[in-house]
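Colleague: Let me give you the structure first, and then I'll get to my questions.
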Amino acid sequence: MKTVYQVQALPADGVTITLEGKLLRVLFDFEKVEAKEGDDIHMPTADDLYYCESIDVNGRGYGDIISAIVNDRYPTDQKDAIMANYELVKDDLCPEEKKAEYIAEYQALQNWRTRAKEIAKIITSKLES
């Protein structure tokens, strides 16, 4: 889930992990929070606030991490719908006006899975050291 987190220094590899009992908390894809015109001038903005992805993982394995990251953004019913729609495209059974939308949804899912694998590699490396 997208969240705002206060970070004194960004990790060199872009991933922060915290072990909390059996839970593994993962933060990644940090993006600086910038004050925008029109923000409440009476509310100070800290210099060390970042938007980031925050995922809780039950387990410490590579597959557990990938599943948690993917499932956070794409719950099972949504993944099923994306896959079913993509099958319609592959079988040339979907309306022409929906084809580009279905392909874009499928590609976004695949891109997120690839990102999840990159993050999982970093995390498993950190856990091993």
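Numbering starts fresh at 1 for the residues of each chain in the structure tokens, the chains themselves are lettered A, B, ... in the order given, and ligands are numbered from 1 as they appear.
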So that I can check the surroundings of Leu24 of chain A, please list as a list of chain:residue names every protein, DNA and RNA residue that reaches within 10 Å of it, counting only C-alpha atoms and ignoring chain neighbours fewer than 3 positions away.

Modeller: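 That gives A:Ile17, A:Thr18, A:Leu19, A:Glu20, A:Gly21, A:Ile55, A:Asp56, A:Val57, A:Asn58, A:Gly59, A:Arg60, A:Ile65, A:Ile123.
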
Colleague: Considering only helix (DSSP H, G or I) as DSSP defines it on the backbone, what residues of chain A qualify? List them as a PyMOL selection string.

Modeller: chain A and resi 62-73+76-90+96-128

Colleague: Counting only C-alpha atoms, which residue out of A:Ile122, A:Ile82, A:Ala12, A:Leu23 sits closest to Glu105 of chain A?

Modeller: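 Going through A:Ile122, A:Ile82, A:Ala12, A:Leu23 one by one, the smallest distance to Glu105 of chain A is for A:Ile82.
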
Colleague: Please provide as a list of chain:residue names all residues within 10 Å of Ile66 of chain A, with the sequence filter that same-chain residues fewer than 2 positions apart are discarded (counting only C-alpha atoms).

Modeller: A:Val57, A:Gly61, A:Tyr62, A:Gly63, A:Asp64, A:Ala68, A:Ile69, A:Val70, A:Asn71, A:Asp72, A:Trp112, A:Arg113, A:Thr114, A:Arg115, A:Ala116, A:Lys117, A:Glu118, A:Ile119, A:Ala120, A:Lys121

Colleague: So that I can check the secondary structure, give me every residue of chain A assigned strand (DSSP E or B) by backbone DSSP, as a ChimeraX atom specification.

Modeller: /A:2-6,15-20,23-32,49-58

Colleague: Quick one: residues within 12 Å of segment 4-7 of chain A, only C-alpha atoms, excluding same-chain residues fewer than 2 positions away - as a list in words?

Modeller: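 Skipping anything fewer than 2 positions along the chain leaves Met1, Lys2, Ala9, Leu10, Pro11, Gly14, Val15, Thr16, Val26, Leu27, Phe28, Asp29, Phe30, Glu31, Lys32, Val33, Glu34, Thr45, Ala46, Asp47, Asp48, Leu49, Tyr50, Tyr51, Cys52, Glu53 and Ser54 of chain A.
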
Colleague: Rounded to one decimal in Å, what is the spacing between atom CA of Glu101 of chain A and atom CA of Asn85 of chain A?

Modeller: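 According to the coordinates, atom CA of Glu101 of chain A and atom CA of Asn85 of chain A are separated by 9.4 Å.
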
Colleague: What gap, in Å, lies between atom CA of Gln107 of chain A and atom CA of Pro95 of chain A?

Modeller: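 Between atom CA of Gln107 of chain A and atom CA of Pro95 of chain A the gap is 18.4 Å.
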
Colleague: Can you tell me, as a list in words, what residues are no more than 10 Å from segment 98-100 of chain A when counting only C-alpha atoms, ignoring any on the same chain fewer than 5 positions away?

Modeller: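 Final neighbour list, sorted by chain and number: Asn85, Tyr86, Leu88, Val89, Lys90, Asp92, Leu93, Glu105 and Tyr106 of chain A.
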
Colleague: Those selected residues, please, written with all heavy atoms and delivered as a PDB file, in the first residue's frame.

Modeller:
```pdb
ATOM      1  N   ASN A  85      -9.651 -11.559 -18.967  1.00  0.00           N
ATOM      2  CA  ASN A  85      -9.754 -10.587 -20.058  1.00  0.00           C
ATOM      3  C   ASN A  85      -8.632 -10.770 -21.069  1.00  0.00           C
ATOM      4  O   ASN A  85      -8.848 -10.669 -22.283  1.00  0.00           O
ATOM      5  CB  ASN A  85      -9.738  -9.154 -19.514  1.00  0.00           C
ATOM      6  CG  ASN A  85     -11.010  -8.799 -18.794  1.00  0.00           C
ATOM      7  OD1 ASN A  85     -12.047  -9.437 -18.954  1.00  0.00           O
ATOM      8  ND2 ASN A  85     -10.944  -7.772 -17.964  1.00  0.00           N
ATOM      9  N   TYR A  86      -7.428 -11.058 -20.576  1.00  0.00           N
ATOM     10  CA  TYR A  86      -6.298 -11.258 -21.481  1.00  0.00           C
ATOM     11  C   TYR A  86      -6.496 -12.513 -22.337  1.00  0.00           C
ATOM     12  O   TYR A  86      -6.134 -12.537 -23.512  1.00  0.00           O
ATOM     13  CB  TYR A  86      -4.987 -11.321 -20.696  1.00  0.00           C
ATOM     14  CG  TYR A  86      -3.778 -11.338 -21.584  1.00  0.00           C
ATOM     15  CD1 TYR A  86      -3.445 -10.215 -22.341  1.00  0.00           C
ATOM     16  CD2 TYR A  86      -2.983 -12.461 -21.703  1.00  0.00           C
ATOM     17  CE1 TYR A  86      -2.342 -10.215 -23.173  1.00  0.00           C
ATOM     18  CE2 TYR A  86      -1.873 -12.471 -22.533  1.00  0.00           C
ATOM     19  CZ  TYR A  86      -1.556 -11.343 -23.267  1.00  0.00           C
ATOM     20  OH  TYR A  86      -0.469 -11.359 -24.098  1.00  0.00           O
ATOM     21  N   LEU A  88      -9.332 -13.552 -23.371  1.00  0.00           N
ATOM     22  CA  LEU A  88     -10.260 -13.136 -24.434  1.00  0.00           C
ATOM     23  C   LEU A  88      -9.516 -12.462 -25.572  1.00  0.00           C
ATOM     24  O   LEU A  88      -9.827 -12.677 -26.748  1.00  0.00           O
ATOM     25  CB  LEU A  88     -11.328 -12.193 -23.871  1.00  0.00           C
ATOM     26  CG  LEU A  88     -12.350 -12.796 -22.918  1.00  0.00           C
ATOM     27  CD1 LEU A  88     -13.234 -11.702 -22.336  1.00  0.00           C
ATOM     28  CD2 LEU A  88     -13.179 -13.863 -23.619  1.00  0.00           C
ATOM     29  N   VAL A  89      -8.531 -11.639 -25.224  1.00  0.00           N
ATOM     30  CA  VAL A  89      -7.724 -10.968 -26.254  1.00  0.00           C
ATOM     31  C   VAL A  89      -6.959 -12.005 -27.059  1.00  0.00           C
ATOM     32  O   VAL A  89      -6.960 -11.974 -28.303  1.00  0.00           O
ATOM     33  CB  VAL A  89      -6.741  -9.950 -25.619  1.00  0.00           C
ATOM     34  CG1 VAL A  89      -5.759  -9.429 -26.646  1.00  0.00           C
ATOM     35  CG2 VAL A  89      -7.505  -8.798 -24.979  1.00  0.00           C
ATOM     36  N   LYS A  90      -6.296 -12.936 -26.378  1.00  0.00           N
ATOM     37  CA  LYS A  90      -5.499 -13.958 -27.059  1.00  0.00           C
ATOM     38  C   LYS A  90      -6.358 -14.826 -27.978  1.00  0.00           C
ATOM     39  O   LYS A  90      -5.911 -15.223 -29.056  1.00  0.00           O
ATOM     40  CB  LYS A  90      -4.790 -14.852 -26.035  1.00  0.00           C
ATOM     41  CG  LYS A  90      -3.612 -14.165 -25.384  1.00  0.00           C
ATOM     42  CD  LYS A  90      -2.845 -14.987 -24.368  1.00  0.00           C
ATOM     43  CE  LYS A  90      -3.119 -16.433 -24.286  1.00  0.00           C
ATOM     44  NZ  LYS A  90      -2.388 -17.145 -23.252  1.00  0.00           N
ATOM     45  N   ASP A  92      -9.016 -13.843 -29.409  1.00  0.00           N
ATOM     46  CA  ASP A  92      -9.708 -12.930 -30.321  1.00  0.00           C
ATOM     47  C   ASP A  92     -11.225 -12.966 -30.106  1.00  0.00           C
ATOM     48  O   ASP A  92     -12.008 -12.975 -31.061  1.00  0.00           O
ATOM     49  CB  ASP A  92      -9.346 -13.250 -31.780  1.00  0.00           C
ATOM     50  CG  ASP A  92      -9.551 -12.049 -32.681  1.00  0.00           C
ATOM     51  OD1 ASP A  92      -9.493 -10.907 -32.178  1.00  0.00           O
ATOM     52  OD2 ASP A  92      -9.781 -12.255 -33.894  1.00  0.00           O
ATOM     53  N   LEU A  93     -11.637 -12.971 -28.826  1.00  0.00           N
ATOM     54  CA  LEU A  93     -13.059 -13.028 -28.477  1.00  0.00           C
ATOM     55  C   LEU A  93     -13.564 -11.765 -27.781  1.00  0.00           C
ATOM     56  O   LEU A  93     -14.713 -11.714 -27.367  1.00  0.00           O
ATOM     57  CB  LEU A  93     -13.329 -14.237 -27.571  1.00  0.00           C
ATOM     58  CG  LEU A  93     -13.044 -15.610 -28.170  1.00  0.00           C
ATOM     59  CD1 LEU A  93     -13.180 -16.689 -27.118  1.00  0.00           C
ATOM     60  CD2 LEU A  93     -13.987 -15.875 -29.343  1.00  0.00           C
ATOM     61  N   GLU A 105      -3.850  -3.570 -18.990  1.00  0.00           N
ATOM     62  CA  GLU A 105      -4.022  -4.104 -17.630  1.00  0.00           C
ATOM     63  C   GLU A 105      -3.104  -5.300 -17.395  1.00  0.00           C
ATOM     64  O   GLU A 105      -2.460  -5.405 -16.340  1.00  0.00           O
ATOM     65  CB  GLU A 105      -5.467  -4.537 -17.395  1.00  0.00           C
ATOM     66  CG  GLU A 105      -6.453  -3.420 -17.282  1.00  0.00           C
ATOM     67  CD  GLU A 105      -7.884  -3.901 -17.229  1.00  0.00           C
ATOM     68  OE1 GLU A 105      -8.179  -5.059 -17.615  1.00  0.00           O
ATOM     69  OE2 GLU A 105      -8.734  -3.103 -16.800  1.00  0.00           O
ATOM     70  N   TYR A 106      -3.028  -6.185 -18.369  1.00  0.00           N
ATOM     71  CA  TYR A 106      -2.176  -7.364 -18.265  1.00  0.00           C
ATOM     72  C   TYR A 106      -0.706  -6.961 -18.179  1.00  0.00           C
ATOM     73  O   TYR A 106       0.043  -7.476 -17.346  1.00  0.00           O
ATOM     74  CB  TYR A 106      -2.415  -8.285 -19.471  1.00  0.00           C
ATOM     75  CG  TYR A 106      -1.530  -9.500 -19.480  1.00  0.00           C
ATOM     76  CD1 TYR A 106      -1.811 -10.587 -18.662  1.00  0.00           C
ATOM     77  CD2 TYR A 106      -0.408  -9.551 -20.298  1.00  0.00           C
ATOM     78  CE1 TYR A 106      -0.995 -11.707 -18.658  1.00  0.00           C
ATOM     79  CE2 TYR A 106       0.412 -10.666 -20.306  1.00  0.00           C
ATOM     80  CZ  TYR A 106       0.122 -11.741 -19.490  1.00  0.00           C
ATOM     81  OH  TYR A 106       0.938 -12.840 -19.488  1.00  0.00           O
TER      82      TYR A 106
END
```
